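*Asks:* First, the structure itself, so that you have it in front of you.
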Amino acid sequence: MADDLDDDGGINCSVDERYELPQNTDQQIEQNEPKIGMEFNDPDELFEFYRDYAKSSGFPVKKHTRRKNVIGIVRSITLVCGRAGKHNSTCQNPLKPQTSYKVGCNAKITARLNLDGRWEISVVVLEHNHGLSPTKSRFFRCNRRISAHVRHQINLNDQAGIRMNKNFSSLVHEAGGYENMLCDEKACRNLVDESRRLRLGEGDASAIMKYFSRMVAENSDGRSREAYKEFGEVVTFDTTYLTNKYDMPFAPFVGVNHHGQSILLGCGLISKEDTETFIWLFTKWVECMDGCAPQGIITDQARAMKNAIEIVFPNTRHRWCLWHIMKKLSEKLGRYTEYEAISSTMKGVVYDTQSPQEFEIQWNEMVDMYGLEDCDWLCELYEERNRWVPCFVKNCFWAGMSTTQRSESMNAFFDGYVNSKTSLKQFVEQYENALRNKTEKEMRADAESFSKVKATATTYDMESQIQGVYTLAKFKEFQAEFTGKMYCDIVNFQEGAGVLEYVIRDMTLRLEGGKRIPKFFKVSFRETDSEVECSCQLFVFKGIVCRHALTILIRHDVSFLLEKYILQRWRKDVRRAHSKMKVKFNTWVVTPEQLRYHELCLAFSEVADLAAQNNHECEVVKKWIDTKFRELQLAESS
């Protein structure tokens, strides 16, 4: 009986070769031609022989028929050119015929099982009715396979968040060019899709639920929860950064750590952006944080978000993202003929006023000057000025959280890991990769703050005091203020009831033309306990003593800052609980085979490092590998 096998241009094979060998010469091709009487141990060895011959000659091959005897034992097998047979079109439109490999080529070999139990070639037809091209052999399906090495690299890079185009390019570079690759990018993409399905199952929803259930069971005391205890006074919440392929907004809760870096304190994937959804999300998140609401939260102007915060976080200071507001200037005010002047004036009113009273005076002057009384957008902003204008919000601690920087850093945080086409299954994997990357950056900054010292710019004890306790990043900020006092001078002074009042002129600001613009700040100082307060409120807002206050402290011979002016959250000598916790990576399922392969790769790489230093040792190792490879092949076939 005859069984028809693959009916296309070849088959997918599992032979574990890494890269294509150089093309054979005509003499080698002739020597490797199939001949009647050649014997092989099994059908796989026969196919490999014919496939290698076909590859060097320039045609595809496929298994065609095998014949069995009456008791079902295969007695003969025929291998044919991949272009054998005739194409039967199933296309309904005759004007758009399908393409086909088949041209009726008769080239083939047939082998029969002889009395010795070996496969002996009995029929050989070498002539083809089509052109041959060895340089195109690598594109034939029978010659394309993904080796264990390539499979391992692709999966490893995919789990590390490397995109497929870069992933495949690295393999091409390692192979020495596309011509040496045994697989194409499409096959690699299919492999990645299959691996992701295996790692997280077929269904997004069920996979996500299983993942979260496992995380609850295995990681009940998460790193983000511990980090929130240290840095959760102020968070930003932003749904504008990213949506996935299901149009589900990604909503991260972000704080600032002791290095001034963004730190993820949780996130949500939400299906809608209404009040009910935000109430659910905020409630669940604060439950995860042991019921402790943040002191301050920064969001965009969404009304649904504002309503939810008032319900779930009634005692939390709610601030709007200034960056989101100011970037709308051209959209909301662009229709006015004097837009450029309006924009410049409004920026000055928003950024330069130091008190609510000063802001309100200048705002009303701007509205009158440009006739903006009927602009509903400006009217709404003015009504909610206590949520976004700097001089209204800087009387609270915001950890120096610039909304522009936070938004930019969140883009940098997740870029390269998730995008608008990311599925939910991919999201949980890449979320962990991004978290792992951020954790590594924090640990690196911890190590640098521990082992490095930034030199002081002066001989003042106060600067040395902060140098010894603050992280590098925060000491740099303090040092910028300390050296910045050279641009400050006292222009007025008066004495009150136990408090000295100073007016400081700050010449730090310089325009493009080089001209410096003075800004004036009021500093109060109490001699009895060296308490100091500045109208710029940098310390209140950011936790860093400003140059204006430092100017007055130095004037009064204060050598060291009071402890109240040294925040624990910026210190490098504090043992923080969250830094002792590892990030969980439950989605990286590793089989025993993958683990053994990884261990061998590591071991081989160490041997390669040593052997590559000496030509003799290199040849010895290569010979050993070749011998071991043949032993393993023989063991597998037997």
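Simple scheme: letters A, B, ... for chains in structure tokens order, numbers from 1 for residues in each chain, numbers from 1 for ligands in the order shown.
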Excluding Phe475 of chain A and residues on its chain fewer than 2 positions from it, collect all residues at most 12 Å away from it, counting only C-alpha atoms, and give them as a ChimeraX atom specification.

*Replies:* /A:258-260,449,452-457,462-473,477-483,543-545,566-567,570-572

*Asks:* Please, could you write that set of residues out with C-alpha atoms as a PDB file, in the first residue's frame?

*Replies:*
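Here's the written file again.pdb:
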```pdb
ATOM      1  CA  HIS A 258      15.440  58.621  47.331  1.00  0.00           C
ATOM      2  CA  HIS A 259      17.415  59.175  44.116  1.00  0.00           C
ATOM      3  CA  GLY A 260      14.649  61.220  42.498  1.00  0.00           C
ATOM      4  CA  SER A 449      25.826  56.573  46.508  1.00  0.00           C
ATOM      5  CA  LYS A 452      31.216  57.271  45.411  1.00  0.00           C
ATOM      6  CA  VAL A 453      31.603  60.742  46.857  1.00  0.00           C
ATOM      7  CA  LYS A 454      30.907  63.971  45.020  1.00  0.00           C
ATOM      8  CA  ALA A 455      33.429  66.564  46.134  1.00  0.00           C
ATOM      9  CA  THR A 456      32.210  69.648  47.957  1.00  0.00           C
ATOM     10  CA  ALA A 457      32.466  72.941  46.128  1.00  0.00           C
ATOM     11  CA  MET A 462      26.949  72.601  56.054  1.00  0.00           C
ATOM     12  CA  GLU A 463      27.798  71.351  52.567  1.00  0.00           C
ATOM     13  CA  SER A 464      29.942  68.549  54.024  1.00  0.00           C
ATOM     14  CA  GLN A 465      27.078  67.661  56.356  1.00  0.00           C
ATOM     15  CA  ILE A 466      24.682  67.006  53.473  1.00  0.00           C
ATOM     16  CA  GLN A 467      27.399  65.306  51.415  1.00  0.00           C
ATOM     17  CA  GLY A 468      27.688  62.670  54.125  1.00  0.00           C
ATOM     18  CA  VAL A 469      23.994  61.792  54.425  1.00  0.00           C
ATOM     19  CA  TYR A 470      22.193  62.417  51.112  1.00  0.00           C
ATOM     20  CA  THR A 471      22.229  60.225  48.003  1.00  0.00           C
ATOM     21  CA  LEU A 472      24.411  61.473  45.153  1.00  0.00           C
ATOM     22  CA  ALA A 473      21.445  62.757  43.159  1.00  0.00           C
ATOM     23  CA  GLU A 477      20.548  69.252  43.989  1.00  0.00           C
ATOM     24  CA  PHE A 478      21.518  70.648  47.387  1.00  0.00           C
ATOM     25  CA  GLN A 479      24.968  71.606  46.076  1.00  0.00           C
ATOM     26  CA  ALA A 480      23.369  73.460  43.151  1.00  0.00           C
ATOM     27  CA  GLU A 481      21.413  75.547  45.673  1.00  0.00           C
ATOM     28  CA  PHE A 482      24.456  76.017  47.905  1.00  0.00           C
ATOM     29  CA  THR A 483      26.667  77.296  45.087  1.00  0.00           C
ATOM     30  CA  GLY A 543      12.530  68.971  50.483  1.00  0.00           C
ATOM     31  CA  ILE A 544      15.735  70.806  49.503  1.00  0.00           C
ATOM     32  CA  VAL A 545      16.744  73.994  51.333  1.00  0.00           C
ATOM     33  CA  ILE A 566      17.334  66.937  56.438  1.00  0.00           C
ATOM     34  CA  LEU A 567      14.642  64.592  55.094  1.00  0.00           C
ATOM     35  CA  TRP A 570      16.626  61.579  50.647  1.00  0.00           C
ATOM     36  CA  ARG A 571      19.191  59.898  52.911  1.00  0.00           C
ATOM     37  CA  LYS A 572      21.575  57.182  51.714  1.00  0.00           C
TER      38      LYS A 572
END
```

*Asks:* Can you pull out the residues contacting Leu509 of chain A? Cut-off 12 Å, using only C-alpha atoms, and skip same-chain residues under 5 positions away; I want them as a list in words.

*Replies:*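 Returned residues: Asp352, Gly484, Tyr487, Cys488, Gly514, Lys515, Arg516, Ile517, Pro518, Lys519 and Phe520 of chain A.
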
*Asks:* Pick out the residues sitting within 8 Å of segment 435-446 of chain A, and hand them over as a PDB file with all heavy atoms, in the first residue's frame; count only C-alpha atoms, and ignore anything fewer than 2 positions along from it in its own chain.

*Replies:*
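Final output, result_29.pdb:
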```
ATOM      1  N   HIS A 259      16.504  58.652  45.137  1.00  0.00           N
ATOM      2  CA  HIS A 259      17.415  59.175  44.116  1.00  0.00           C
ATOM      3  C   HIS A 259      16.708  60.141  43.158  1.00  0.00           C
ATOM      4  O   HIS A 259      17.320  60.625  42.203  1.00  0.00           O
ATOM      5  CB  HIS A 259      18.012  58.026  43.303  1.00  0.00           C
ATOM      6  CG  HIS A 259      18.762  57.029  44.121  1.00  0.00           C
ATOM      7  ND1 HIS A 259      19.981  57.304  44.695  1.00  0.00           N
ATOM      8  CD2 HIS A 259      18.453  55.747  44.492  1.00  0.00           C
ATOM      9  CE1 HIS A 259      20.402  56.238  45.361  1.00  0.00           C
ATOM     10  NE2 HIS A 259      19.484  55.289  45.263  1.00  0.00           N
ATOM     11  N   GLN A 261      14.300  59.133  41.272  1.00  0.00           N
ATOM     12  CA  GLN A 261      13.861  58.320  40.149  1.00  0.00           C
ATOM     13  C   GLN A 261      12.377  57.980  40.287  1.00  0.00           C
ATOM     14  O   GLN A 261      11.847  57.907  41.389  1.00  0.00           O
ATOM     15  CB  GLN A 261      14.657  57.008  40.099  1.00  0.00           C
ATOM     16  CG  GLN A 261      16.149  57.171  39.934  1.00  0.00           C
ATOM     17  CD  GLN A 261      16.889  55.859  40.169  1.00  0.00           C
ATOM     18  OE1 GLN A 261      16.446  55.008  40.936  1.00  0.00           O
ATOM     19  NE2 GLN A 261      18.025  55.703  39.511  1.00  0.00           N
ATOM     20  N   ILE A 263       9.352  55.597  40.592  1.00  0.00           N
ATOM     21  CA  ILE A 263       9.214  54.252  41.155  1.00  0.00           C
ATOM     22  C   ILE A 263       7.756  53.841  41.038  1.00  0.00           C
ATOM     23  O   ILE A 263       6.844  54.607  41.368  1.00  0.00           O
ATOM     24  CB  ILE A 263       9.704  54.216  42.621  1.00  0.00           C
ATOM     25  CG1 ILE A 263       9.670  52.795  43.170  1.00  0.00           C
ATOM     26  CG2 ILE A 263       8.922  55.177  43.504  1.00  0.00           C
ATOM     27  CD1 ILE A 263      10.382  52.632  44.485  1.00  0.00           C
ATOM     28  N   LEU A 264       7.533  52.655  40.518  1.00  0.00           N
ATOM     29  CA  LEU A 264       6.175  52.187  40.266  1.00  0.00           C
ATOM     30  C   LEU A 264       5.559  51.668  41.556  1.00  0.00           C
ATOM     31  O   LEU A 264       6.117  50.790  42.218  1.00  0.00           O
ATOM     32  CB  LEU A 264       6.207  51.072  39.218  1.00  0.00           C
ATOM     33  CG  LEU A 264       4.908  50.803  38.464  1.00  0.00           C
ATOM     34  CD1 LEU A 264       4.450  52.054  37.728  1.00  0.00           C
ATOM     35  CD2 LEU A 264       5.101  49.667  37.474  1.00  0.00           C
ATOM     36  N   PHE A 413      10.191  54.756  31.002  1.00  0.00           N
ATOM     37  CA  PHE A 413      10.065  53.550  31.834  1.00  0.00           C
ATOM     38  C   PHE A 413       9.554  52.373  31.003  1.00  0.00           C
ATOM     39  O   PHE A 413      10.088  51.269  31.068  1.00  0.00           O
ATOM     40  CB  PHE A 413       9.088  53.859  32.971  1.00  0.00           C
ATOM     41  CG  PHE A 413       9.057  52.834  34.077  1.00  0.00           C
ATOM     42  CD1 PHE A 413       9.476  53.182  35.348  1.00  0.00           C
ATOM     43  CD2 PHE A 413       8.594  51.552  33.872  1.00  0.00           C
ATOM     44  CE1 PHE A 413       9.438  52.252  36.390  1.00  0.00           C
ATOM     45  CE2 PHE A 413       8.557  50.621  34.894  1.00  0.00           C
ATOM     46  CZ  PHE A 413       8.980  50.978  36.157  1.00  0.00           C
ATOM     47  N   TYR A 431       5.568  44.072  31.776  1.00  0.00           N
ATOM     48  CA  TYR A 431       5.450  44.878  32.998  1.00  0.00           C
ATOM     49  C   TYR A 431       6.521  44.473  33.984  1.00  0.00           C
ATOM     50  O   TYR A 431       7.199  45.304  34.592  1.00  0.00           O
ATOM     51  CB  TYR A 431       4.049  44.693  33.585  1.00  0.00           C
ATOM     52  CG  TYR A 431       3.857  45.291  34.961  1.00  0.00           C
ATOM     53  CD1 TYR A 431       3.517  46.627  35.113  1.00  0.00           C
ATOM     54  CD2 TYR A 431       4.004  44.511  36.107  1.00  0.00           C
ATOM     55  CE1 TYR A 431       3.332  47.175  36.381  1.00  0.00           C
ATOM     56  CE2 TYR A 431       3.820  45.039  37.369  1.00  0.00           C
ATOM     57  CZ  TYR A 431       3.487  46.374  37.499  1.00  0.00           C
ATOM     58  OH  TYR A 431       3.315  46.910  38.743  1.00  0.00           O
ATOM     59  N   GLU A 432       6.695  43.163  34.156  1.00  0.00           N
ATOM     60  CA  GLU A 432       7.708  42.673  35.084  1.00  0.00           C
ATOM     61  C   GLU A 432       9.115  42.994  34.589  1.00  0.00           C
ATOM     62  O   GLU A 432      10.011  43.305  35.372  1.00  0.00           O
ATOM     63  CB  GLU A 432       7.541  41.169  35.293  1.00  0.00           C
ATOM     64  CG  GLU A 432       6.321  40.838  36.140  1.00  0.00           C
ATOM     65  CD  GLU A 432       6.209  39.350  36.427  1.00  0.00           C
ATOM     66  OE1 GLU A 432       6.779  38.552  35.661  1.00  0.00           O
ATOM     67  OE2 GLU A 432       5.550  38.991  37.402  1.00  0.00           O
ATOM     68  N   ASN A 433       9.314  42.913  33.259  1.00  0.00           N
ATOM     69  CA  ASN A 433      10.626  43.269  32.709  1.00  0.00           C
ATOM     70  C   ASN A 433      10.948  44.729  32.980  1.00  0.00           C
ATOM     71  O   ASN A 433      12.080  45.084  33.340  1.00  0.00           O
ATOM     72  CB  ASN A 433      10.652  43.000  31.208  1.00  0.00           C
ATOM     73  CG  ASN A 433      10.724  41.521  30.882  1.00  0.00           C
ATOM     74  OD1 ASN A 433      11.192  40.733  31.688  1.00  0.00           O
ATOM     75  ND2 ASN A 433      10.239  41.139  29.724  1.00  0.00           N
ATOM     76  N   GLU A 448      26.255  53.332  43.863  1.00  0.00           N
ATOM     77  CA  GLU A 448      27.080  54.511  43.577  1.00  0.00           C
ATOM     78  C   GLU A 448      27.062  55.490  44.751  1.00  0.00           C
ATOM     79  O   GLU A 448      28.103  56.070  45.097  1.00  0.00           O
ATOM     80  CB  GLU A 448      26.601  55.187  42.295  1.00  0.00           C
ATOM     81  CG  GLU A 448      26.898  54.379  41.034  1.00  0.00           C
ATOM     82  CD  GLU A 448      26.491  55.104  39.777  1.00  0.00           C
ATOM     83  OE1 GLU A 448      25.818  56.158  39.887  1.00  0.00           O
ATOM     84  OE2 GLU A 448      26.835  54.628  38.679  1.00  0.00           O
ATOM     85  N   SER A 449      25.901  55.678  45.354  1.00  0.00           N
ATOM     86  CA  SER A 449      25.826  56.573  46.508  1.00  0.00           C
ATOM     87  C   SER A 449      26.613  56.026  47.688  1.00  0.00           C
ATOM     88  O   SER A 449      27.138  56.786  48.506  1.00  0.00           O
ATOM     89  CB  SER A 449      24.358  56.792  46.921  1.00  0.00           C
ATOM     90  OG  SER A 449      23.663  57.538  45.944  1.00  0.00           O
ATOM     91  N   PHE A 450      26.705  54.702  47.779  1.00  0.00           N
ATOM     92  CA  PHE A 450      27.457  54.072  48.863  1.00  0.00           C
ATOM     93  C   PHE A 450      28.972  54.165  48.640  1.00  0.00           C
ATOM     94  O   PHE A 450      29.743  54.379  49.581  1.00  0.00           O
ATOM     95  CB  PHE A 450      27.036  52.606  48.977  1.00  0.00           C
ATOM     96  CG  PHE A 450      27.834  51.814  49.980  1.00  0.00           C
ATOM     97  CD1 PHE A 450      27.577  51.927  51.333  1.00  0.00           C
ATOM     98  CD2 PHE A 450      28.854  50.967  49.566  1.00  0.00           C
ATOM     99  CE1 PHE A 450      28.314  51.205  52.261  1.00  0.00           C
ATOM    100  CE2 PHE A 450      29.601  50.241  50.473  1.00  0.00           C
ATOM    101  CZ  PHE A 450      29.331  50.361  51.833  1.00  0.00           C
ATOM    102  N   THR A 471      21.828  60.962  49.200  1.00  0.00           N
ATOM    103  CA  THR A 471      22.229  60.225  48.003  1.00  0.00           C
ATOM    104  C   THR A 471      22.921  61.180  47.038  1.00  0.00           C
ATOM    105  O   THR A 471      22.769  62.405  47.136  1.00  0.00           O
ATOM    106  CB  THR A 471      21.016  59.593  47.311  1.00  0.00           C
ATOM    107  OG1 THR A 471      20.126  60.631  46.873  1.00  0.00           O
ATOM    108  CG2 THR A 471      20.276  58.644  48.240  1.00  0.00           C
ATOM    109  N   LYS A 572      20.989  58.408  52.249  1.00  0.00           N
ATOM    110  CA  LYS A 572      21.575  57.182  51.714  1.00  0.00           C
ATOM    111  C   LYS A 572      21.908  56.174  52.803  1.00  0.00           C
ATOM    112  O   LYS A 572      22.229  55.019  52.497  1.00  0.00           O
ATOM    113  CB  LYS A 572      22.841  57.501  50.918  1.00  0.00           C
ATOM    114  CG  LYS A 572      23.979  58.113  51.749  1.00  0.00           C
ATOM    115  CD  LYS A 572      25.169  58.431  50.870  1.00  0.00           C
ATOM    116  CE  LYS A 572      26.304  59.072  51.673  1.00  0.00           C
ATOM    117  NZ  LYS A 572      27.460  59.442  50.823  1.00  0.00           N
ATOM    118  N   SER A 579      14.033  47.543  49.298  1.00  0.00           N
ATOM    119  CA  SER A 579      15.244  47.201  48.548  1.00  0.00           C
ATOM    120  C   SER A 579      15.718  45.779  48.832  1.00  0.00           C
ATOM    121  O   SER A 579      16.562  45.252  48.100  1.00  0.00           O
ATOM    122  CB  SER A 579      16.361  48.188  48.890  1.00  0.00           C
ATOM    123  OG  SER A 579      16.709  48.108  50.261  1.00  0.00           O
ATOM    124  N   VAL A 583      12.005  41.194  42.739  1.00  0.00           N
ATOM    125  CA  VAL A 583      10.842  41.262  41.857  1.00  0.00           C
ATOM    126  C   VAL A 583      10.497  39.851  41.426  1.00  0.00           C
ATOM    127  O   VAL A 583      11.366  39.081  41.029  1.00  0.00           O
ATOM    128  CB  VAL A 583      11.141  42.128  40.618  1.00  0.00           C
ATOM    129  CG1 VAL A 583       9.921  42.198  39.711  1.00  0.00           C
ATOM    130  CG2 VAL A 583      11.563  43.517  41.045  1.00  0.00           C
TER     131      VAL A 583
END
```

*Asks:* Leaving out Met289 of chain A and any residue of its chain fewer than 2 positions from it, which residues lie within 12 Å of it when counting only C-alpha atoms, given as JSON, numbers by chain?

*Replies:* {"A": [220, 221, 222, 223, 224, 225, 226, 227, 228, 229, 230, 231, 232, 233, 253, 265, 266, 282, 283, 284, 285, 286, 287, 291, 292, 293, 294]}

*Asks:* Restrict the selected residues to N, CA, C and O atoms and save them as an mmCIF file, in the first residue's frame.

*Replies:*
```cif
data_model
loop_
_atom_site.group_PDB
_atom_site.id
_atom_site.type_symbol
_atom_site.label_atom_id
_atom_site.label_comp_id
_atom_site.auth_asym_id
_atom_site.auth_seq_id
_atom_site.Cartn_x
_atom_site.Cartn_y
_atom_site.Cartn_z
ATOM 1 N N SER A 220 2.549 37.964 48.441
ATOM 2 C CA SER A 220 1.549 38.769 49.152
ATOM 3 C C SER A 220 2.145 40.039 49.740
ATOM 4 O O SER A 220 1.446 41.010 49.985
ATOM 5 N N ASP A 221 3.460 40.052 49.978
ATOM 6 C CA ASP A 221 4.102 41.233 50.551
ATOM 7 C C ASP A 221 5.007 41.853 49.493
ATOM 8 O O ASP A 221 6.229 41.746 49.525
ATOM 9 N N GLY A 222 4.398 42.488 48.501
ATOM 10 C CA GLY A 222 5.114 42.915 47.308
ATOM 11 C C GLY A 222 6.060 44.079 47.520
ATOM 12 O O GLY A 222 5.959 44.837 48.481
ATOM 13 N N ARG A 223 6.988 44.196 46.561
ATOM 14 C CA ARG A 223 7.982 45.257 46.613
ATOM 15 C C ARG A 223 7.325 46.628 46.520
ATOM 16 O O ARG A 223 7.715 47.563 47.224
ATOM 17 N N SER A 224 6.331 46.767 45.657
ATOM 18 C CA SER A 224 5.664 48.066 45.502
ATOM 19 C C SER A 224 4.970 48.493 46.789
ATOM 20 O O SER A 224 4.940 49.676 47.133
ATOM 21 N N ARG A 225 4.424 47.520 47.522
ATOM 22 C CA ARG A 225 3.758 47.846 48.796
ATOM 23 C C ARG A 225 4.776 48.376 49.808
ATOM 24 O O ARG A 225 4.513 49.352 50.518
ATOM 25 N N GLU A 226 5.938 47.728 49.859
ATOM 26 C CA GLU A 226 6.977 48.186 50.776
ATOM 27 C C GLU A 226 7.528 49.540 50.355
ATOM 28 O O GLU A 226 7.824 50.391 51.193
ATOM 29 N N ALA A 227 7.680 49.733 49.043
ATOM 30 C CA ALA A 227 8.181 51.019 48.546
ATOM 31 C C ALA A 227 7.197 52.139 48.855
ATOM 32 O O ALA A 227 7.595 53.280 49.145
ATOM 33 N N TYR A 228 5.907 51.815 48.831
ATOM 34 C CA TYR A 228 4.884 52.822 49.134
ATOM 35 C C TYR A 228 5.017 53.334 50.563
ATOM 36 O O TYR A 228 4.768 54.510 50.845
ATOM 37 N N LYS A 229 5.425 52.445 51.486
ATOM 38 C CA LYS A 229 5.604 52.875 52.877
ATOM 39 C C LYS A 229 6.712 53.918 52.997
ATOM 40 O O LYS A 229 6.693 54.762 53.890
ATOM 41 N N GLU A 230 7.693 53.850 52.091
ATOM 42 C CA GLU A 230 8.814 54.786 52.117
ATOM 43 C C GLU A 230 8.528 56.053 51.319
ATOM 44 O O GLU A 230 8.893 57.155 51.725
ATOM 45 N N PHE A 231 7.884 55.887 50.167
ATOM 46 C CA PHE A 231 7.799 56.997 49.210
ATOM 47 C C PHE A 231 6.370 57.283 48.744
ATOM 48 O O PHE A 231 6.171 57.856 47.670
ATOM 49 N N GLY A 232 5.387 56.892 49.536
ATOM 50 C CA GLY A 232 4.001 57.011 49.088
ATOM 51 C C GLY A 232 3.292 58.296 49.476
ATOM 52 O O GLY A 232 2.075 58.396 49.312
ATOM 53 N N GLU A 233 4.046 59.293 49.984
ATOM 54 C CA GLU A 233 3.349 60.535 50.369
ATOM 55 C C GLU A 233 2.690 61.186 49.153
ATOM 56 O O GLU A 233 1.608 61.756 49.250
ATOM 57 N N PHE A 253 0.409 54.066 39.039
ATOM 58 C CA PHE A 253 0.618 54.921 40.201
ATOM 59 C C PHE A 253 2.133 55.053 40.378
ATOM 60 O O PHE A 253 2.820 54.048 40.588
ATOM 61 N N LEU A 265 4.404 52.198 41.907
ATOM 62 C CA LEU A 265 3.714 51.829 43.151
ATOM 63 C C LEU A 265 2.426 51.072 42.869
ATOM 64 O O LEU A 265 1.561 50.973 43.731
ATOM 65 N N GLY A 266 2.319 50.530 41.664
ATOM 66 C CA GLY A 266 1.126 49.791 41.276
ATOM 67 C C GLY A 266 0.585 50.318 39.968
ATOM 68 O O GLY A 266 0.977 51.389 39.491
ATOM 69 N N PHE A 282 -9.169 52.975 42.565
ATOM 70 C CA PHE A 282 -8.544 53.632 43.721
ATOM 71 C C PHE A 282 -8.786 52.842 45.006
ATOM 72 O O PHE A 282 -7.896 52.719 45.859
ATOM 73 N N THR A 283 -9.999 52.298 45.142
ATOM 74 C CA THR A 283 -10.330 51.529 46.346
ATOM 75 C C THR A 283 -9.476 50.273 46.445
ATOM 76 O O THR A 283 -8.922 49.966 47.515
ATOM 77 N N LYS A 284 -9.364 49.547 45.326
ATOM 78 C CA LYS A 284 -8.574 48.315 45.340
ATOM 79 C C LYS A 284 -7.097 48.614 45.571
ATOM 80 O O LYS A 284 -6.400 47.875 46.285
ATOM 81 N N TRP A 285 -6.607 49.690 44.962
ATOM 82 C CA TRP A 285 -5.195 50.034 45.120
ATOM 83 C C TRP A 285 -4.872 50.414 46.570
ATOM 84 O O TRP A 285 -3.876 49.952 47.120
ATOM 85 N N VAL A 286 -5.713 51.236 47.178
ATOM 86 C CA VAL A 286 -5.427 51.662 48.551
ATOM 87 C C VAL A 286 -5.592 50.492 49.527
ATOM 88 O O VAL A 286 -4.926 50.440 50.562
ATOM 89 N N GLU A 287 -6.449 49.524 49.188
ATOM 90 C CA GLU A 287 -6.532 48.305 50.004
ATOM 91 C C GLU A 287 -5.211 47.546 49.957
ATOM 92 O O GLU A 287 -4.750 47.015 50.976
ATOM 93 N N GLY A 291 -4.603 50.324 53.261
ATOM 94 C CA GLY A 291 -5.596 51.340 53.587
ATOM 95 C C GLY A 291 -5.041 52.732 53.810
ATOM 96 O O GLY A 291 -5.767 53.625 54.269
ATOM 97 N N CYS A 292 -3.772 52.936 53.498
ATOM 98 C CA CYS A 292 -3.130 54.241 53.727
ATOM 99 C C CYS A 292 -3.180 55.082 52.463
ATOM 100 O O CYS A 292 -2.499 54.771 51.481
ATOM 101 N N ALA A 293 -3.966 56.147 52.465
ATOM 102 C CA ALA A 293 -4.094 57.011 51.287
ATOM 103 C C ALA A 293 -2.888 57.932 51.177
ATOM 104 O O ALA A 293 -2.267 58.289 52.186
ATOM 105 N N PRO A 294 -2.514 58.351 49.968
ATOM 106 C CA PRO A 294 -1.394 59.285 49.818
ATOM 107 C C PRO A 294 -1.753 60.672 50.325
ATOM 108 O O PRO A 294 -2.936 61.031 50.391
#
```

*Asks:* Between A:Val235, A:Ile162, A:Val607, A:Ile297, which is the closest to Asn315 of chain A once you count only C-alpha atoms?

*Replies:*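 That would be A:Ile297, the residue with the smallest distance to Asn315 of chain A.
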
*Asks:* Pick the closest to Arg112 of chain A from A:Ser530, A:Ser355, A:Thr65, A:Ser57: which is it, counting only C-alpha atoms?

*Replies:*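 For Arg112 of chain A, the nearest of the given residues is A:Thr65.
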
*Asks:* In Å, how far is it from atom CA of Pro592 of chain A to atom CA of Gln153 of chain A?

*Replies:* 16.6 Å

*Asks:* Report, in Å to a single decimal, how far apart atom CA of Cys546 of chain A and atom CA of Leu561 of chain A are.

*Replies:* 12.1 Å

*Asks:* So that I can see what lies close to Gln494 of chain A, please list as a list in words the residues with an atom at most 12 Å from it, counting only C-alpha atoms and leaving out residues fewer than 2 positions away in the same chain.

*Replies:*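 These residues fall inside the cut-off: Ile490, Val491, Asn492, Gly496, Ala497, Gly498, Val499, Leu500, Glu501, Tyr502, Val503, Lys522, Val523, Ser524 and Phe525 of chain A.
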
*Asks:* Using the selection just defined, write its residues with N, CA and C atoms as a short mmCIF file (atom, residue, chain, number, x, y, z; two decimals), in the first residue's frame.

*Replies:*
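Result saved to part.cif:
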```
data_model
loop_
_atom_site.label_atom_id
_atom_site.label_comp_id
_atom_site.auth_asym_id
_atom_site.auth_seq_id
_atom_site.Cartn_x
_atom_site.Cartn_y
_atom_site.Cartn_z
N ILE A 490 21.44 90.44 49.60
CA ILE A 490 20.38 91.02 50.44
C ILE A 490 20.17 92.47 50.02
N VAL A 491 18.93 92.80 49.70
CA VAL A 491 18.64 94.18 49.27
C VAL A 491 17.77 94.92 50.28
N ASN A 492 17.24 94.20 51.24
CA ASN A 492 16.40 94.87 52.26
C ASN A 492 16.36 94.01 53.51
N GLY A 496 11.36 92.15 63.06
CA GLY A 496 10.02 92.09 63.61
C GLY A 496 10.06 91.54 65.02
N ALA A 497 8.95 90.92 65.44
CA ALA A 497 8.85 90.37 66.80
C ALA A 497 9.59 89.04 66.87
N GLY A 498 10.91 89.13 67.14
CA GLY A 498 11.74 87.93 67.26
C GLY A 498 12.09 87.30 65.94
N VAL A 499 11.67 87.93 64.83
CA VAL A 499 11.92 87.38 63.50
C VAL A 499 12.55 88.45 62.64
N LEU A 500 13.60 88.06 61.91
CA LEU A 500 14.25 88.97 60.99
C LEU A 500 13.72 88.72 59.59
N GLU A 501 13.33 89.79 58.90
CA GLU A 501 12.77 89.68 57.56
C GLU A 501 13.78 90.23 56.54
N TYR A 502 14.10 89.40 55.53
CA TYR A 502 15.04 89.81 54.50
C TYR A 502 14.37 89.76 53.13
N VAL A 503 14.84 90.63 52.24
CA VAL A 503 14.47 90.56 50.83
C VAL A 503 15.74 90.19 50.06
N LYS A 522 11.30 86.73 49.74
CA LYS A 522 11.30 87.13 51.15
C LYS A 522 11.71 85.95 52.02
N VAL A 523 12.69 86.18 52.89
CA VAL A 523 13.18 85.13 53.79
C VAL A 523 13.03 85.62 55.23
N SER A 524 12.40 84.79 56.07
CA SER A 524 12.28 85.11 57.50
C SER A 524 13.20 84.18 58.29
N PHE A 525 13.88 84.73 59.32
CA PHE A 525 14.83 83.95 60.10
C PHE A 525 14.60 84.22 61.59
#
```
